[in-house]
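Student: Okay, here's the structure, questions in a sec.
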Amino acid sequence: MIIRASLLILSIATLAFAADEPRATLGDSVVEPEWAQRLTITVGPANADLVGTSEKPIQAAVDYVARLGGGTVKILPGTYRLRNAVYLQSKVRLLGSGAETVLIKEPSVTTTLAADSDWFDQEITLTDATGFEIGDGICLRTKNGGAGNAETVKRTLVARTGNRFKLDLGLRKNFWRLGETKVSTLFPILSGENLTDLAIENLVLDGDRAHNENLDGNYAGCIFLQECNRVTIRGVTARNYNGDGISWQICHDVLVENCVSEGHAGLGLHPGSGSQRTVIRGNRIVGNSIGIFFCWGVRDGLAEKNHVEGNDTGISIGHHDTDNIVRGNEVIDSKKTGVLFRPERGKDFTGNRNRIENNRLVDNGADTGFAVDIQGGTESIVLSGNDIIETRQGTRTAIRLGPDTRNIKLDNNRIEGFAKTVEGEPPAGPR
């Protein structure tokens with residue numbers, strides 16, 4: 001009996017130990033041991049697993065690591081010149097060597113179509129193929145067969161005969177000469193769609209804005225992500241893109257931390273349509289058209305401890321962007337507005353139930369402008385504990401409340417140096 005009791009106790013202890021130590025099990029993507037070491041592939045100009053200074057060895061490393069279930073692609077110090085995007089993969093960490101790892105987009109070239117391509121075609125014919133090479137990332141833009149609705153498609157050139165090129169995928173849109181179709185070597189530097197559990201860390205991305213045409217942030221940027229979950233972007237410098245810096249569309253649980261996004265023609269950080277639970281923390285966002293742009297339906301997000309300086313607009317919130325917290329940021333020298341709530345199409349579309357708290361807003365707005373501008377039918381906004389300071393000459397107003405706004409709570413804000421504190425100051429009771 002004593003022996004049997006001892007065996008029972010041992011079995012129970014073994015089961016408890018097994019429960020504390022998960023095992024790798026086929027098909028289980030949720031629970032896995034914390035492995036002490038994972039696969040790492042290095043890429044660099046020399047002395048690396050894959051040697052080269054273009055997107056090709058980086059892409060090869062990403063695909064190799066992804067095929068084996070994930071790991072790290074370590075990009076060694078060097079300057080890498082890209083003729084196409086690096087397409088990211090799930091469970092892959094792209095890790096640079098800090099400021100010594102620089103990925104630069106090559107200058108763009110643009111031409112027109114010499115022949116129409118229908119939506120089912122997988123080839124295009126260029127008027128002038130000078131500067132186009134097999135492997136290039138391209139962007140086709142048209143006015144939808146002359147109807148006026150813009151269409152944009154990104155593809156890769158995979159084969160050619162003279163001016164005719166095969167694409168990696170079919171067009172799925174009509175690209176006709178009467179639509180004034182243009183073909184340009186435009187692409188994101190890093191791109192990902194329908195991915196999970198990825199990281200981008202410690203590298204520099206340079207869009208070479210002076211030598212590239214503009215491409216809208218709904219399609220590109222130094223980083224462009226679409227329909228991705230659980231993403232970490234940390235310690236990245238994104239600069240000089242003729243479009244957005246870092247753009248993520250319909251992406252959930254994205255962390256952008258300790259990054260720099262500067263000098264872009266478009267948006268510095270673009271949490272895009274439908275993105276849930278974004279965290280934007282500790283970043284430096286300088287010299288863009290808009291610093292942080294909450295797009296459509298961005299909800300339950302947090303922007304905190306960011307330095308936002310010298311943008312046309314510092315922070316912009318609008319279409320159904322609800323239940324976000326903007327806290328502890330510095331917003332300085334915005335040319336138009338420091339914090340803007342957009343009017344949208346009316347009160348049913350505005351960004352409601354957001355909190356703007358404990359921020360420091362200094363010298364924002366045009367000469368007769370506003371540091372904080374709440375427009376349209378925006379409702380249920382809290383401005384609390386903010387320092388809103390103006391040191392320049394002019395007739396600026398600290399806070400403007402549009403005539404259709406409701407329930408705007410102004411609580412314990414320190415406002416100094418403005419010609420007027422509040423325009424449209426609420427009457428007694430909530431507004």
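Please note that chains go A, B, ... in the order of the structure tokens, that every chain numbers its residues from 1, and that ligands are numbered from 1 in the order shown.
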Identify, on the basis of only C-alpha atoms, every residue whose closest approach to Glu151 (chain A) does not exceed 9 Å; exclude the query and any residue fewer than 6 positions from it along the same chain; express the result as number ranges by chain.

Tutor: A: 140-144, 173-175

Student: Kindly save the residues from that selection, with N, CA and C atoms included, as a short mmCIF file (atom, residue, chain, number, x, y, z; two decimals), in the first residue's frame.

Tutor:
data_model
loop_
_atom_site.label_atom_id
_atom_site.label_comp_id
_atom_site.auth_asym_id
_atom_site.auth_seq_id
_atom_site.Cartn_x
_atom_site.Cartn_y
_atom_site.Cartn_z
N LEU A 140 0.85 50.51 -60.86
CA LEU A 140 0.05 50.97 -61.99
C LEU A 140 -1.09 51.83 -61.45
N ARG A 141 -1.28 53.00 -62.06
CA ARG A 141 -2.35 53.90 -61.64
C ARG A 141 -3.12 54.37 -62.87
N THR A 142 -4.44 54.35 -62.77
CA THR A 142 -5.28 54.74 -63.89
C THR A 142 -6.55 55.44 -63.39
N LYS A 143 -7.27 56.03 -64.33
CA LYS A 143 -8.56 56.64 -64.02
C LYS A 143 -9.71 55.71 -64.38
N ASN A 144 -9.46 54.41 -64.29
CA ASN A 144 -10.50 53.39 -64.47
C ASN A 144 -11.14 53.50 -65.84
N LYS A 173 -7.93 44.58 -62.57
CA LYS A 173 -8.50 45.89 -62.89
C LYS A 173 -8.16 46.18 -64.36
N ASN A 174 -8.95 47.04 -64.99
CA ASN A 174 -8.63 47.46 -66.36
C ASN A 174 -7.64 48.62 -66.33
N PHE A 175 -6.57 48.46 -67.07
CA PHE A 175 -5.60 49.54 -67.21
C PHE A 175 -5.47 49.86 -68.70
#

Student: For region 332-338 of chain A, list every protein, DNA or RNA residue within 6 Å, evaluated using only C-alpha atoms, and leave out those in the same chain fewer than 3 positions away; present the list as a list in words.

Tutor: Glu309, Gly310, Asn311, Asp312, Thr313, Gly314, Leu361, Val362, Asp363, Asn364, Gly365, Ala366, Phe370, Ala371 and Val372 of chain A

Student: Within 9 Å of Ala129 (chain A), counting only C-alpha atoms, which residues qualify if same-chain residues fewer than 6 places away don't, as a list in words?

Tutor: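 Near neighbours after the sequence-gap exclusion: Thr111, Gly162, Asn163 and Arg164 of chain A.
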
Student: Would you mind reading off the distance between CA of Thr232 (chain A) and CA of Val153 (chain A), one decimal, in Å?

Tutor: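 Computing the Euclidean distance for CA of Thr232 (chain A) and CA of Val153 (chain A) yields 26.6 Å.
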
Student: Within 12 Å of Ala46 (chain A), counting only C-alpha atoms, which residues show up once you throw out same-chain ones fewer than 3 positions away? Write them as an MDAnalysis selection string, please.

Tutor: chainID A and resid 42:43 49:53 57 75:78

Student: Emit the selected residues as a JSON list (two decimals), in the first residue's frame, including N, CA, C and O atoms.

Tutor:
[["chain", "number", "residue", "atom", "x", "y", "z"],
["A", 42, "THR", "N", 21.77, 35.52, -41.20],
["A", 42, "THR", "CA", 22.36, 36.84, -41.38],
["A", 42, "THR", "C", 22.44, 37.20, -42.85],
["A", 42, "THR", "O", 22.63, 36.35, -43.72],
["A", 43, "VAL", "N", 22.27, 38.50, -43.10],
["A", 43, "VAL", "CA", 22.41, 39.07, -44.45],
["A", 43, "VAL", "C", 23.36, 40.25, -44.34],
["A", 43, "VAL", "O", 23.26, 41.07, -43.42],
["A", 49, "ASP", "N", 25.43, 34.76, -43.86],
["A", 49, "ASP", "CA", 24.86, 33.57, -44.47],
["A", 49, "ASP", "C", 24.45, 33.83, -45.91],
["A", 49, "ASP", "O", 24.64, 32.98, -46.78],
["A", 50, "LEU", "N", 23.86, 35.00, -46.14],
["A", 50, "LEU", "CA", 23.49, 35.43, -47.50],
["A", 50, "LEU", "C", 24.15, 36.77, -47.76],
["A", 50, "LEU", "O", 23.94, 37.74, -47.02],
["A", 51, "VAL", "N", 24.95, 36.84, -48.81],
["A", 51, "VAL", "CA", 25.76, 38.02, -49.08],
["A", 51, "VAL", "C", 25.11, 38.84, -50.21],
["A", 51, "VAL", "O", 24.74, 38.31, -51.25],
["A", 52, "GLY", "N", 24.97, 40.14, -49.97],
["A", 52, "GLY", "CA", 24.43, 41.04, -50.98],
["A", 52, "GLY", "C", 23.93, 42.31, -50.34],
["A", 52, "GLY", "O", 23.79, 42.40, -49.12],
["A", 53, "THR", "N", 23.65, 43.32, -51.17],
["A", 53, "THR", "CA", 23.21, 44.62, -50.65],
["A", 53, "THR", "C", 21.97, 45.11, -51.41],
["A", 53, "THR", "O", 21.80, 46.31, -51.63],
["A", 57, "PRO", "N", 18.76, 39.23, -51.28],
["A", 57, "PRO", "CA", 19.20, 38.35, -50.19],
["A", 57, "PRO", "C", 18.36, 38.53, -48.93],
["A", 57, "PRO", "O", 18.16, 37.56, -48.18],
["A", 75, "ILE", "N", 20.08, 41.72, -40.29],
["A", 75, "ILE", "CA", 20.70, 42.47, -41.38],
["A", 75, "ILE", "C", 21.91, 43.20, -40.81],
["A", 75, "ILE", "O", 21.79, 44.06, -39.94],
["A", 76, "LEU", "N", 23.08, 42.84, -41.31],
["A", 76, "LEU", "CA", 24.34, 43.38, -40.79],
["A", 76, "LEU", "C", 24.53, 44.83, -41.26],
["A", 76, "LEU", "O", 23.85, 45.31, -42.16],
["A", 77, "PRO", "N", 25.47, 45.55, -40.65],
["A", 77, "PRO", "CA", 25.73, 46.93, -41.08],
["A", 77, "PRO", "C", 26.02, 47.02, -42.57],
["A", 77, "PRO", "O", 26.70, 46.17, -43.15],
["A", 78, "GLY", "N", 25.47, 48.05, -43.20],
["A", 78, "GLY", "CA", 25.66, 48.26, -44.62],
["A", 78, "GLY", "C", 24.54, 49.10, -45.18],
["A", 78, "GLY", "O", 23.53, 49.37, -44.52]]

Student: Determine, counting only C-alpha atoms, which protein, DNA and RNA residues have an atom within 12 Å of an atom of Phe165 (chain A); residues of the same chain fewer than 4 positions away are not included. Present the result as a tab-separated table (two decimals) with C-alpha atoms, in the first residue's frame.

Tutor:
chain	number	residue	atom	x	y	z
A	113	LEU	CA	1.23	52.05	-71.54
A	114	ALA	CA	1.78	51.37	-75.23
A	115	ALA	CA	-1.14	48.90	-75.25
A	117	SER	CA	-4.29	45.67	-70.45
A	121	ASP	CA	-4.22	40.13	-68.23
A	122	GLN	CA	-0.92	39.27	-66.59
A	123	GLU	CA	1.26	41.46	-68.76
A	124	ILE	CA	1.80	45.09	-69.69
A	125	THR	CA	3.49	46.83	-72.60
A	126	LEU	CA	5.42	49.98	-71.77
A	127	THR	CA	5.87	53.02	-73.99
A	128	ASP	CA	9.43	53.41	-72.75
A	129	ALA	CA	11.04	50.58	-70.77
A	132	PHE	CA	12.63	49.01	-65.78
A	133	GLU	CA	14.19	45.64	-64.91
A	134	ILE	CA	12.96	42.13	-64.19
A	135	GLY	CA	12.36	41.88	-60.45
A	136	ASP	CA	11.30	45.51	-60.05
A	138	ILE	CA	5.93	48.62	-59.82
A	155	ARG	CA	2.94	44.17	-58.91
A	156	THR	CA	6.40	42.74	-59.68
A	157	LEU	CA	7.97	42.36	-63.13
A	158	VAL	CA	8.96	38.71	-63.60
A	159	ALA	CA	9.76	38.31	-67.34
A	160	ARG	CA	10.21	40.46	-70.44
A	161	THR	CA	10.57	40.60	-74.18
A	169	LEU	CA	-0.11	38.31	-60.59
A	183	VAL	CA	3.48	52.70	-64.57

Student: With DSSP run on the backbone, what are the strand (DSSP E) residues within region 46-190 of chain A? I'd like them as an MDAnalysis selection string.

Tutor: chainID A and resid 50:51 71:75 78:82 86:87 92:95 101:105 110:112 123:125 137:142 151:161 164:167 182:184 190

Student: Just the residues within 9 Å of Thr185 (chain A), please, counting only C-alpha atoms, with nothing from its chain fewer than 4 positions along; format it as a short mmCIF file (atom, residue, chain, number, x, y, z; two decimals) with all heavy atoms, in the first residue's frame.

Tutor:
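File written: out22.cif
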data_model
loop_
_atom_site.label_atom_id
_atom_site.label_comp_id
_atom_site.auth_asym_id
_atom_site.auth_seq_id
_atom_site.Cartn_x
_atom_site.Cartn_y
_atom_site.Cartn_z
N ARG A 83 15.18 47.69 -55.25
CA ARG A 83 14.37 47.88 -56.46
C ARG A 83 12.98 47.25 -56.30
O ARG A 83 12.16 47.30 -57.21
CB ARG A 83 15.08 47.28 -57.67
CG ARG A 83 16.42 47.94 -58.00
CD ARG A 83 16.96 47.44 -59.34
NE ARG A 83 16.08 47.84 -60.43
CZ ARG A 83 16.21 49.00 -61.11
NH1 ARG A 83 17.17 49.86 -60.80
NH2 ARG A 83 15.37 49.27 -62.10
N ASN A 84 12.74 46.66 -55.16
CA ASN A 84 11.42 46.11 -54.84
C ASN A 84 11.30 46.05 -53.33
O ASN A 84 12.30 46.15 -52.60
CB ASN A 84 11.25 44.70 -55.44
CG ASN A 84 9.79 44.31 -55.61
OD1 ASN A 84 8.88 44.96 -55.08
ND2 ASN A 84 9.56 43.23 -56.35
N GLU A 106 15.48 52.83 -54.33
CA GLU A 106 16.10 53.38 -55.53
C GLU A 106 15.17 54.42 -56.17
O GLU A 106 13.95 54.37 -56.00
CB GLU A 106 16.38 52.26 -56.53
CG GLU A 106 17.52 51.34 -56.13
CD GLU A 106 18.89 51.92 -56.45
OE1 GLU A 106 19.12 53.12 -56.21
OE2 GLU A 106 19.74 51.15 -56.95
N PRO A 107 15.74 55.38 -56.94
CA PRO A 107 14.90 56.39 -57.60
C PRO A 107 13.86 55.75 -58.52
O PRO A 107 14.10 54.71 -59.13
CB PRO A 107 15.91 57.21 -58.40
CG PRO A 107 17.20 57.04 -57.65
CD PRO A 107 17.18 55.64 -57.12
N SER A 108 12.70 56.38 -58.60
CA SER A 108 11.61 55.84 -59.42
C SER A 108 11.73 56.33 -60.86
O SER A 108 12.28 57.40 -61.14
CB SER A 108 10.26 56.23 -58.85
OG SER A 108 10.05 57.63 -58.94
N VAL A 109 11.19 55.54 -61.78
CA VAL A 109 10.99 55.96 -63.17
C VAL A 109 9.52 55.71 -63.51
O VAL A 109 8.87 54.83 -62.94
CB VAL A 109 11.91 55.20 -64.15
CG1 VAL A 109 13.35 55.57 -63.90
CG2 VAL A 109 11.71 53.69 -64.03
N THR A 110 9.01 56.49 -64.45
CA THR A 110 7.59 56.42 -64.80
C THR A 110 7.43 56.46 -66.31
O THR A 110 8.16 57.16 -67.01
CB THR A 110 6.82 57.60 -64.18
OG1 THR A 110 6.88 57.49 -62.76
CG2 THR A 110 5.35 57.61 -64.60
N GLY A 131 14.96 51.97 -67.70
CA GLY A 131 14.97 52.02 -66.24
C GLY A 131 14.16 50.94 -65.57
O GLY A 131 14.19 50.81 -64.34
N PHE A 132 13.42 50.12 -66.33
CA PHE A 132 12.63 49.01 -65.78
C PHE A 132 13.42 47.71 -65.94
O PHE A 132 13.97 47.44 -67.01
CB PHE A 132 11.28 48.89 -66.49
CG PHE A 132 10.33 50.01 -66.18
CD1 PHE A 132 10.39 51.20 -66.90
CD2 PHE A 132 9.38 49.88 -65.18
CE1 PHE A 132 9.51 52.24 -66.64
CE2 PHE A 132 8.50 50.91 -64.90
CZ PHE A 132 8.56 52.10 -65.62
N ASP A 136 11.70 44.21 -60.61
CA ASP A 136 11.30 45.51 -60.05
C ASP A 136 9.89 45.45 -59.48
O ASP A 136 8.99 44.83 -60.06
CB ASP A 136 11.33 46.60 -61.13
CG ASP A 136 12.72 47.10 -61.45
OD1 ASP A 136 13.67 46.66 -60.77
OD2 ASP A 136 12.85 47.92 -62.38
N GLY A 137 9.70 46.16 -58.38
CA GLY A 137 8.36 46.43 -57.90
C GLY A 137 7.80 47.63 -58.64
O GLY A 137 8.50 48.62 -58.86
N ILE A 138 6.54 47.52 -59.07
CA ILE A 138 5.93 48.62 -59.82
C ILE A 138 4.55 48.93 -59.26
O ILE A 138 3.95 48.14 -58.53
CB ILE A 138 5.80 48.30 -61.32
CG1 ILE A 138 4.87 47.10 -61.54
CG2 ILE A 138 7.16 48.06 -61.95
CD1 ILE A 138 4.38 46.95 -62.96
N CYS A 139 4.05 50.09 -59.65
CA CYS A 139 2.72 50.54 -59.30
C CYS A 139 2.04 51.02 -60.57
O CYS A 139 2.61 51.82 -61.32
CB CYS A 139 2.80 51.66 -58.27
SG CYS A 139 1.22 52.41 -57.87
N LEU A 140 0.85 50.51 -60.86
CA LEU A 140 0.05 50.97 -61.99
C LEU A 140 -1.09 51.83 -61.45
O LEU A 140 -1.79 51.43 -60.52
CB LEU A 140 -0.54 49.80 -62.78
CG LEU A 140 0.45 48.89 -63.51
CD1 LEU A 140 0.76 47.66 -62.67
CD2 LEU A 140 -0.12 48.48 -64.87
N ASN A 212 11.86 60.22 -55.99
CA ASN A 212 10.75 59.30 -56.15
C ASN A 212 9.43 60.06 -56.24
O ASN A 212 9.23 61.05 -55.54
CB ASN A 212 10.69 58.32 -54.98
CG ASN A 212 11.68 57.19 -55.13
OD1 ASN A 212 11.40 56.18 -55.78
ND2 ASN A 212 12.86 57.34 -54.53
N GLU A 213 8.54 59.58 -57.10
CA GLU A 213 7.21 60.15 -57.17
C GLU A 213 6.40 59.79 -55.93
O GLU A 213 6.75 58.88 -55.18
CB GLU A 213 6.47 59.65 -58.42
CG GLU A 213 7.00 60.21 -59.72
CD GLU A 213 6.07 59.91 -60.89
OE1 GLU A 213 4.89 59.58 -60.63
OE2 GLU A 213 6.53 60.01 -62.03
#

Student: Using CA of Gly266 (chain A) and CA of Gly245 (chain A) as the two end points, give the distance in Å to one decimal.

Tutor: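 Distance reported for this atom pair: 7.3 Å.
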
Student: Write out as a ChimeraX atom specification which residues come within 7 Å of Ser384 (chain A) when counting only C-alpha atoms, dropping same-chain ones fewer than 4 positions away.

Tutor: /A:356-358,410-413

Student: Provide the CA of Ala303 (chain A) to CA of Asp253 (chain A) distance in Å, to one decimal place.

Tutor: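 Distance between the two atoms: 13.0 Å.
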
Student: Counting only C-alpha atoms, which residue out of A:Lys91, A:Lys154, A:His307, A:Arg284 sits closest to Cys228 (chain A)?

Tutor: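 Going through A:Lys91, A:Lys154, A:His307, A:Arg284 one by one, the smallest distance to Cys228 (chain A) is for A:Lys91.
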
Student: Please return, as a list in words, all residues of region 170-231 of chain A that DSSP assigns to helix (DSSP H, G or I) on the basis of the backbone.

Tutor: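 Residues of region 170-231 of chain A classed as helix (DSSP H, G or I): Arg177, Leu178, Gly179, Arg209, Ala210 and His211 of chain A.
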
Student: Next, dump the selected residues to file, keeping only N, CA, C and O atoms, as a CSV table (one decimal), in the first residue's frame.

Tutor:
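Full text of selection_35.csv as output:
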chain,number,residue,atom,x,y,z
A,177,ARG,N,-5.2,52.8,-72.0
A,177,ARG,CA,-4.5,54.1,-72.4
A,177,ARG,C,-5.5,55.3,-72.2
A,177,ARG,O,-5.0,56.4,-71.8
A,178,LEU,N,-6.8,55.1,-72.5
A,178,LEU,CA,-7.7,56.2,-72.3
A,178,LEU,C,-7.9,56.7,-70.9
A,178,LEU,O,-8.3,57.7,-70.6
A,179,GLY,N,-7.5,55.8,-69.9
A,179,GLY,CA,-7.5,56.2,-68.5
A,179,GLY,C,-6.2,56.8,-68.1
A,179,GLY,O,-6.0,57.0,-66.9
A,209,ARG,N,13.0,60.6,-51.0
A,209,ARG,CA,11.9,61.4,-51.4
A,209,ARG,C,12.2,62.3,-52.6
A,209,ARG,O,11.4,62.5,-53.5
A,210,ALA,N,13.4,62.9,-52.7
A,210,ALA,CA,13.7,63.8,-53.8
A,210,ALA,C,13.8,63.1,-55.1
A,210,ALA,O,13.7,63.8,-56.1
A,211,HIS,N,13.9,61.8,-55.2
A,211,HIS,CA,14.1,61.1,-56.5
A,211,HIS,C,13.0,60.1,-56.7
A,211,HIS,O,13.1,59.2,-57.5
